[in-house]
file model-v7.txt (compact mmCIF, N, CA and C atoms)
# COMPACT_ATOMS: atom_id res chain seq x y z
N MET U 1 -17.92 76.50 75.61
CA MET U 1 -16.92 77.51 75.88
C MET U 1 -16.04 77.64 74.64
N ALA U 2 -16.02 78.79 74.06
CA ALA U 2 -15.21 79.05 72.87
C ALA U 2 -13.96 79.81 73.27
N ILE U 3 -12.94 79.68 72.46
CA ILE U 3 -11.70 80.41 72.71
C ILE U 3 -11.84 81.79 72.05
N SER U 4 -11.50 82.80 72.79
CA SER U 4 -11.62 84.16 72.26
C SER U 4 -10.42 84.51 71.41
N HIS U 5 -10.55 85.55 70.64
CA HIS U 5 -9.46 86.03 69.79
C HIS U 5 -8.25 86.37 70.65
N GLU U 6 -8.49 87.02 71.80
CA GLU U 6 -7.40 87.40 72.70
C GLU U 6 -6.71 86.16 73.29
N GLN U 7 -7.50 85.16 73.65
CA GLN U 7 -6.91 83.92 74.19
C GLN U 7 -6.07 83.22 73.13
N LEU U 8 -6.56 83.21 71.90
CA LEU U 8 -5.81 82.59 70.81
C LEU U 8 -4.49 83.32 70.59
N LEU U 9 -4.52 84.64 70.62
CA LEU U 9 -3.29 85.41 70.47
C LEU U 9 -2.32 85.14 71.62
N HIS U 10 -2.87 85.00 72.82
CA HIS U 10 -2.04 84.72 73.99
C HIS U 10 -1.37 83.35 73.86
N VAL U 11 -2.13 82.34 73.46
CA VAL U 11 -1.57 81.00 73.29
C VAL U 11 -0.51 81.01 72.18
N ALA U 12 -0.79 81.70 71.09
CA ALA U 12 0.18 81.80 70.00
C ALA U 12 1.47 82.47 70.50
N HIS U 13 1.32 83.49 71.32
CA HIS U 13 2.50 84.17 71.88
C HIS U 13 3.30 83.21 72.77
N LEU U 14 2.61 82.46 73.63
CA LEU U 14 3.29 81.51 74.51
C LEU U 14 4.01 80.43 73.70
N ALA U 15 3.43 80.05 72.57
CA ALA U 15 4.03 79.02 71.73
C ALA U 15 5.05 79.62 70.75
N ARG U 16 5.26 80.91 70.87
CA ARG U 16 6.21 81.62 70.00
C ARG U 16 5.84 81.47 68.53
N LEU U 17 4.53 81.58 68.24
CA LEU U 17 4.04 81.49 66.88
C LEU U 17 3.70 82.87 66.35
N GLU U 18 4.15 83.15 65.17
CA GLU U 18 3.75 84.38 64.50
C GLU U 18 2.69 84.00 63.48
N LEU U 19 1.46 84.42 63.71
CA LEU U 19 0.36 84.03 62.84
C LEU U 19 -0.18 85.24 62.09
N ARG U 20 -0.49 85.00 60.82
CA ARG U 20 -1.18 86.03 60.03
C ARG U 20 -2.64 86.05 60.45
N GLU U 21 -3.34 87.11 60.11
CA GLU U 21 -4.74 87.25 60.52
C GLU U 21 -5.60 86.11 59.96
N ASP U 22 -5.33 85.69 58.71
CA ASP U 22 -6.12 84.60 58.14
C ASP U 22 -5.84 83.28 58.87
N GLU U 23 -4.61 83.09 59.35
CA GLU U 23 -4.28 81.89 60.12
C GLU U 23 -4.96 81.93 61.48
N ILE U 24 -5.02 83.12 62.08
CA ILE U 24 -5.67 83.26 63.38
C ILE U 24 -7.15 82.91 63.26
N GLU U 25 -7.80 83.38 62.21
CA GLU U 25 -9.23 83.08 62.03
C GLU U 25 -9.45 81.59 61.80
N ARG U 26 -8.61 80.99 60.94
CA ARG U 26 -8.76 79.56 60.63
C ARG U 26 -8.48 78.71 61.86
N LEU U 27 -7.38 78.99 62.56
CA LEU U 27 -7.04 78.21 63.75
C LEU U 27 -8.05 78.42 64.87
N GLY U 28 -8.57 79.63 64.98
CA GLY U 28 -9.60 79.89 65.99
C GLY U 28 -10.83 79.05 65.75
N ALA U 29 -11.25 78.96 64.49
CA ALA U 29 -12.42 78.14 64.15
C ALA U 29 -12.13 76.67 64.43
N GLN U 30 -10.94 76.20 64.07
CA GLN U 30 -10.59 74.80 64.30
C GLN U 30 -10.51 74.48 65.79
N LEU U 31 -9.90 75.38 66.57
CA LEU U 31 -9.81 75.15 68.02
C LEU U 31 -11.20 75.14 68.66
N ASN U 32 -12.06 76.03 68.21
CA ASN U 32 -13.41 76.05 68.76
C ASN U 32 -14.16 74.77 68.41
N ASP U 33 -13.95 74.22 67.21
CA ASP U 33 -14.57 72.94 66.86
C ASP U 33 -14.05 71.82 67.77
N ILE U 34 -12.75 71.83 68.03
CA ILE U 34 -12.15 70.82 68.91
C ILE U 34 -12.71 70.94 70.33
N ILE U 35 -12.77 72.17 70.83
CA ILE U 35 -13.28 72.40 72.18
C ILE U 35 -14.73 71.94 72.28
N ALA U 36 -15.52 72.20 71.24
CA ALA U 36 -16.93 71.78 71.25
C ALA U 36 -17.03 70.26 71.24
N ALA U 37 -16.19 69.60 70.45
CA ALA U 37 -16.24 68.14 70.38
C ALA U 37 -15.83 67.52 71.71
N VAL U 38 -14.79 68.04 72.33
CA VAL U 38 -14.34 67.52 73.62
C VAL U 38 -15.38 67.82 74.69
N GLY U 39 -16.04 68.96 74.58
CA GLY U 39 -17.07 69.33 75.56
C GLY U 39 -18.24 68.37 75.58
N LYS U 40 -18.48 67.68 74.48
CA LYS U 40 -19.59 66.72 74.43
C LYS U 40 -19.37 65.56 75.40
N VAL U 41 -18.12 65.27 75.73
CA VAL U 41 -17.84 64.19 76.68
C VAL U 41 -18.46 64.50 78.04
N SER U 42 -18.48 65.76 78.41
CA SER U 42 -19.05 66.13 79.71
C SER U 42 -20.55 65.90 79.77
N GLU U 43 -21.19 65.72 78.62
CA GLU U 43 -22.63 65.46 78.58
C GLU U 43 -22.95 63.98 78.80
N LEU U 44 -21.95 63.12 78.74
CA LEU U 44 -22.18 61.68 78.87
C LEU U 44 -22.22 61.26 80.33
N ASP U 45 -23.00 60.22 80.60
CA ASP U 45 -23.02 59.63 81.94
C ASP U 45 -21.92 58.57 81.98
N LEU U 46 -20.83 58.89 82.61
CA LEU U 46 -19.69 57.99 82.68
C LEU U 46 -19.50 57.40 84.07
N SER U 47 -20.55 57.44 84.89
CA SER U 47 -20.43 56.98 86.27
C SER U 47 -20.10 55.49 86.37
N ASP U 48 -20.50 54.68 85.37
CA ASP U 48 -20.22 53.26 85.44
C ASP U 48 -18.97 52.86 84.63
N VAL U 49 -18.23 53.85 84.15
CA VAL U 49 -17.01 53.58 83.38
C VAL U 49 -15.82 53.66 84.33
N PRO U 50 -15.04 52.58 84.44
CA PRO U 50 -13.90 52.62 85.36
C PRO U 50 -12.82 53.57 84.85
N ALA U 51 -12.12 54.17 85.79
CA ALA U 51 -11.02 55.05 85.44
C ALA U 51 -9.92 54.23 84.79
N THR U 52 -9.29 54.81 83.80
CA THR U 52 -8.22 54.11 83.09
C THR U 52 -7.19 55.11 82.62
N SER U 53 -5.98 54.66 82.48
CA SER U 53 -4.93 55.54 81.98
C SER U 53 -4.69 55.30 80.50
N HIS U 54 -5.29 54.22 79.95
CA HIS U 54 -5.10 53.90 78.55
C HIS U 54 -6.34 53.16 78.06
N PRO U 55 -6.81 53.46 76.86
CA PRO U 55 -8.05 52.83 76.40
C PRO U 55 -7.90 51.36 76.03
N LEU U 56 -6.68 50.89 75.80
CA LEU U 56 -6.45 49.51 75.42
C LEU U 56 -5.59 48.81 76.47
N ASP U 57 -5.71 47.48 76.54
CA ASP U 57 -4.84 46.73 77.43
C ASP U 57 -3.41 46.89 76.95
N ILE U 58 -2.51 47.18 77.85
CA ILE U 58 -1.11 47.33 77.50
C ILE U 58 -0.42 46.02 77.80
N VAL U 59 0.28 45.49 76.80
CA VAL U 59 0.96 44.22 76.93
C VAL U 59 2.45 44.47 76.78
N ASN U 60 3.22 43.90 77.68
CA ASN U 60 4.67 44.05 77.60
C ASN U 60 5.17 43.20 76.44
N VAL U 61 5.88 43.82 75.52
CA VAL U 61 6.37 43.10 74.34
C VAL U 61 7.79 42.58 74.53
N TRP U 62 8.36 42.82 75.68
CA TRP U 62 9.71 42.36 75.93
C TRP U 62 9.71 40.88 76.28
N GLY U 63 10.78 40.21 75.96
CA GLY U 63 10.92 38.81 76.32
C GLY U 63 11.22 38.67 77.81
N ALA U 64 11.26 37.45 78.23
CA ALA U 64 11.56 37.19 79.64
C ALA U 64 12.99 37.64 79.94
N ASP U 65 13.19 38.10 81.14
CA ASP U 65 14.51 38.56 81.56
C ASP U 65 15.27 37.35 82.11
N GLU U 66 16.04 36.74 81.25
CA GLU U 66 16.78 35.55 81.61
C GLU U 66 18.26 35.88 81.72
N PRO U 67 18.92 35.42 82.76
CA PRO U 67 20.37 35.67 82.86
C PRO U 67 21.12 34.91 81.77
N HIS U 68 22.19 35.52 81.29
CA HIS U 68 23.04 34.86 80.31
C HIS U 68 24.45 35.42 80.46
N ARG U 69 25.38 34.78 79.80
CA ARG U 69 26.77 35.22 79.89
C ARG U 69 26.91 36.60 79.28
N SER U 70 27.69 37.43 79.92
CA SER U 70 27.96 38.76 79.38
C SER U 70 29.37 38.77 78.81
N LEU U 71 29.76 39.91 78.27
CA LEU U 71 31.11 40.04 77.71
C LEU U 71 32.15 39.90 78.80
N SER U 72 33.26 39.34 78.42
CA SER U 72 34.38 39.31 79.36
C SER U 72 34.96 40.72 79.44
N VAL U 73 35.73 40.99 80.48
CA VAL U 73 36.36 42.30 80.62
C VAL U 73 37.24 42.58 79.41
N GLU U 74 37.97 41.60 78.96
CA GLU U 74 38.85 41.77 77.80
C GLU U 74 38.06 42.13 76.55
N ASP U 75 36.95 41.44 76.31
CA ASP U 75 36.13 41.75 75.13
C ASP U 75 35.50 43.13 75.24
N ALA U 76 35.03 43.48 76.44
CA ALA U 76 34.38 44.78 76.64
C ALA U 76 35.35 45.93 76.44
N LEU U 77 36.60 45.73 76.82
CA LEU U 77 37.60 46.80 76.73
C LEU U 77 38.50 46.68 75.51
N ALA U 78 38.19 45.76 74.61
CA ALA U 78 39.07 45.50 73.47
C ALA U 78 39.30 46.74 72.61
N ASN U 79 38.33 47.59 72.43
CA ASN U 79 38.47 48.77 71.57
C ASN U 79 38.60 50.06 72.36
N ALA U 80 38.81 49.96 73.65
CA ALA U 80 38.94 51.17 74.47
C ALA U 80 40.24 51.90 74.12
N PRO U 81 40.18 53.20 73.88
CA PRO U 81 41.41 53.93 73.58
C PRO U 81 42.41 53.85 74.72
N GLU U 82 41.91 53.90 75.93
CA GLU U 82 42.78 53.77 77.11
C GLU U 82 42.02 52.99 78.17
N ARG U 83 42.76 52.25 78.95
CA ARG U 83 42.14 51.53 80.05
C ARG U 83 43.07 51.56 81.24
N GLU U 84 42.48 51.36 82.38
CA GLU U 84 43.25 51.31 83.62
C GLU U 84 42.76 50.09 84.36
N GLY U 85 43.54 49.04 84.31
CA GLY U 85 43.12 47.77 84.91
C GLY U 85 41.91 47.23 84.16
N SER U 86 40.83 47.02 84.87
CA SER U 86 39.63 46.49 84.24
C SER U 86 38.58 47.57 84.02
N SER U 87 39.02 48.82 83.85
CA SER U 87 38.10 49.94 83.66
C SER U 87 38.52 50.77 82.45
N PHE U 88 37.54 51.48 81.89
CA PHE U 88 37.84 52.47 80.87
C PHE U 88 38.57 53.62 81.54
N LYS U 89 39.57 54.18 80.89
CA LYS U 89 40.23 55.37 81.42
C LYS U 89 39.74 56.54 80.59
N VAL U 90 39.19 57.50 81.29
CA VAL U 90 38.66 58.69 80.61
C VAL U 90 39.36 59.92 81.17
N PRO U 91 39.45 60.97 80.38
CA PRO U 91 40.08 62.18 80.88
C PRO U 91 39.26 62.79 82.00
N PRO U 92 39.92 63.43 82.93
CA PRO U 92 39.15 64.10 83.99
C PRO U 92 38.29 65.17 83.31
N GLY U 93 37.10 65.31 83.77
CA GLY U 93 36.23 66.22 83.05
C GLY U 93 35.42 67.10 83.95
N GLY U 94 34.53 67.64 83.31
CA GLY U 94 33.65 68.57 83.99
C GLY U 94 33.70 69.86 83.22
N SER U 95 32.60 70.49 83.19
CA SER U 95 32.59 71.76 82.47
C SER U 95 32.24 72.86 83.40

call {"tool": "encode", "arguments": {"input": "model-v7.txt", "output": "structure tokens"}}
result
Amino acid sequence: MAISHEQLLHVAHLARLELREDEIERLGAQLNDIIAAVGKVSELDLSDVPATSHPLDIVNVWGADEPHRSLSVEDALANAPEREGSSFKVPPGGS
């Protein structure tokens, strides 16, 4: 299945791209090559391949979640321009 000139113009319009005619021809050829390459996957027998959301094992790189002391209220509010008790005081807002 190849992308037609009209489909390419439509996609360019949706993407808000202004393309010159030479760019349309070049991109059309490149998109058709991509579509052909992706289409080859449908020719493969993948019935014994398990479904996956990622081709590689995903490993969590975060450290263990261990509790530790946090800032005191005084330290947390030390640079606050204004405070009200143990809270930041902010101007009433909303737009």

call {"tool": "atom_distance", "arguments": {"input": "model-v7.txt", "atom1": "CA of Glu23 (chain U)", "atom2": "CA of Lys40 (chain U)"}}
result
25.9 Å

call {"tool": "residues_around", "arguments": {"input": "model-v7.txt", "residues": "Ala29 (chain U)", "least_positions_apart": "5", "cutoff": "10 Å", "atoms": "only C-alpha atoms", "output": "ChimeraX atom specification"}}
result
/U:2-3,23-24,34-35

call {"tool": "select_by_dssp", "arguments": {"input": "model-v7.txt", "residues": "chain U", "states": "strand (DSSP E or B)", "output": "list in words"}}
result
Arg83, Glu84, Ser87 and Phe88 of chain U

call {"tool": "residues_around", "arguments": {"input": "model-v7.txt", "residues": "His5 (chain U)", "least_positions_apart": "2", "cutoff": "12 Å", "atoms": "only C-alpha atoms", "output": "ChimeraX atom specification"}}
result
/U:2-3,7-12,21,23-29,31-32

call {"tool": "atom_distance", "arguments": {"input": "model-v7.txt", "atom1": "CA of Glu18 (chain U)", "atom2": "CA of Asp33 (chain U)"}}
result
21.7 Å

call {"tool": "atom_distance", "arguments": {"input": "model-v7.txt", "atom1": "atom C of Ala15 (chain U)", "atom2": "atom N of Gln30 (chain U)"}}
result
17.7 Å
